[in-house]
Amino acid sequence: MKKIHILICAAAALVLPLLASCEKEEPLISFDITSIDMKDAGGSQNVSLTTNYNWTATASDPWIQVSPTSGKKGTTTLAIRVEASDRSTARKGTVTVTCREMVRGVAVSQMPHLGQTLVFKHSASRFTVPTLTGSSVAASVKWGDGAEESYSSSLWHDYSAAGTHTVEINAAGAYSFKLESVAGVTEIDFSKF
């Protein structure tokens, strides 16, 4: 009987540290993507989350929603929704996941609302965008042949086919523009600028 008692004590001495070490496993938080870039219209993005303990999720700002906001260990899909923006400046936020003492986040950025529009019709083989003046100017350029680019003050575009092209510049934060050359320009619409 004494031998059985010693064996049970020895087995317990071996098993208890193993059980204790299982409880001390380092927390794990893993995302399939760590940043989301949204247009001003907003939208949603799914993010795969893997943890080894129960977790909670929170959004840094009211224009970001996350669902679900908590869960058990394993892999789940977070649905991150971003509201439409009417701001003329970009905005940034974070969805933060906490798993025990570990904290990780998904960065969320949103383009400014490009509510100003300039339209140029021209027949030139190359068009150089006007210089936009303002505070924190952000813009995109549609060249009229299917190509699209982010605005920069010295941006130009060559056309592969002759004809009339319509260039649309959608901007935010601009209060004036200067077009260096009007050669080939047949129409300028700045009624929404």
# chains A, B, ... in the order shown; residues from 1 in each chain; ligands from 1

call {"tool": "select_by_dssp", "arguments": {"residues": "range 118-167 of chain A", "states": "strand (DSSP E)", "output": "list in words"}}
result
Leu118, Val119, Phe120, Lys121, His122, Arg126, Phe127, Thr128, Thr131, Leu132, Thr133, Gly134, Ser135, Ser136, Val137, Ala138, Ala139, Ser140, Val141, Lys142, Glu148, Glu149, Ser150, Trp156, His157, Asp158, His165, Thr166 and Val167 of chain A

call {"tool": "residues_around", "arguments": {"residues": "range 128-136 of chain A", "least_positions_apart": "2", "cutoff": "7 Å", "atoms": "only C-alpha atoms", "output": "number ranges by chain"}}
result
A: 89, 126, 138, 153-157, 173-180

call {"tool": "residues_around", "arguments": {"residues": "Ala162 in chain A", "least_positions_apart": "3", "cutoff": "8 Å", "atoms": "only C-alpha atoms", "output": "list in words"}}
result
Ser123, Ala124, Ser125 and Tyr159 of chain A

call {"tool": "residues_around", "arguments": {"residues": "Ala147 in chain A", "least_positions_apart": "4", "cutoff": "12 Å", "atoms": "only C-alpha atoms", "output": "list of chain:residue names"}}
result
A:Ser140, A:Val141, A:Lys142, A:Trp143, A:Trp156, A:His157, A:Asp158, A:Tyr159, A:Ser160, A:His165, A:Thr166, A:Val167, A:Glu168

call {"tool": "atom_distance", "arguments": {"atom1": "CA of Ala171 in chain A", "atom2": "CA of Ala139 in chain A"}}
result
4.0 Å

call {"tool": "closest_residue", "arguments": {"among": "A:Phe120, A:Phe31, A:Phe127, A:Tyr53", "to": "Lys72 in chain A", "atoms": "only C-alpha atoms"}}
result
A:Tyr53

call {"tool": "closest_residue", "arguments": {"among": "A:Ala59, A:Ala107, A:Ile36, A:Leu49", "to": "Gly74 in chain A", "atoms": "only C-alpha atoms"}}
result
A:Leu49

call {"tool": "closest_residue", "arguments": {"among": "A:Ser67, A:Thr186, A:Asn52, A:Ser150", "to": "Gly163 in chain A", "atoms": "only C-alpha atoms"}}
result
A:Thr186

call {"tool": "residues_around", "arguments": {"residues": "range 96-98 of chain A", "least_positions_apart": "5", "cutoff": "6 Å", "atoms": "only C-alpha atoms", "output": "JSON, numbers by chain"}}
result
{"A": [55, 56, 57, 58, 103, 104, 105]}

call {"tool": "residues_around", "arguments": {"residues": "Ile188 in chain A", "least_positions_apart": "4", "cutoff": "8 Å", "atoms": "only C-alpha atoms", "output": "VMD selection string"}}
result
chain A and resid 118 to 121

call {"tool": "atom_distance", "arguments": {"atom1": "CA of Ile169 in chain A", "atom2": "CA of Gly43 in chain A"}}
result
22.6 Å

call {"tool": "atom_distance", "arguments": {"atom1": "CA of Gly42 in chain A", "atom2": "CA of Ser70 in chain A"}}
result
23.5 Å
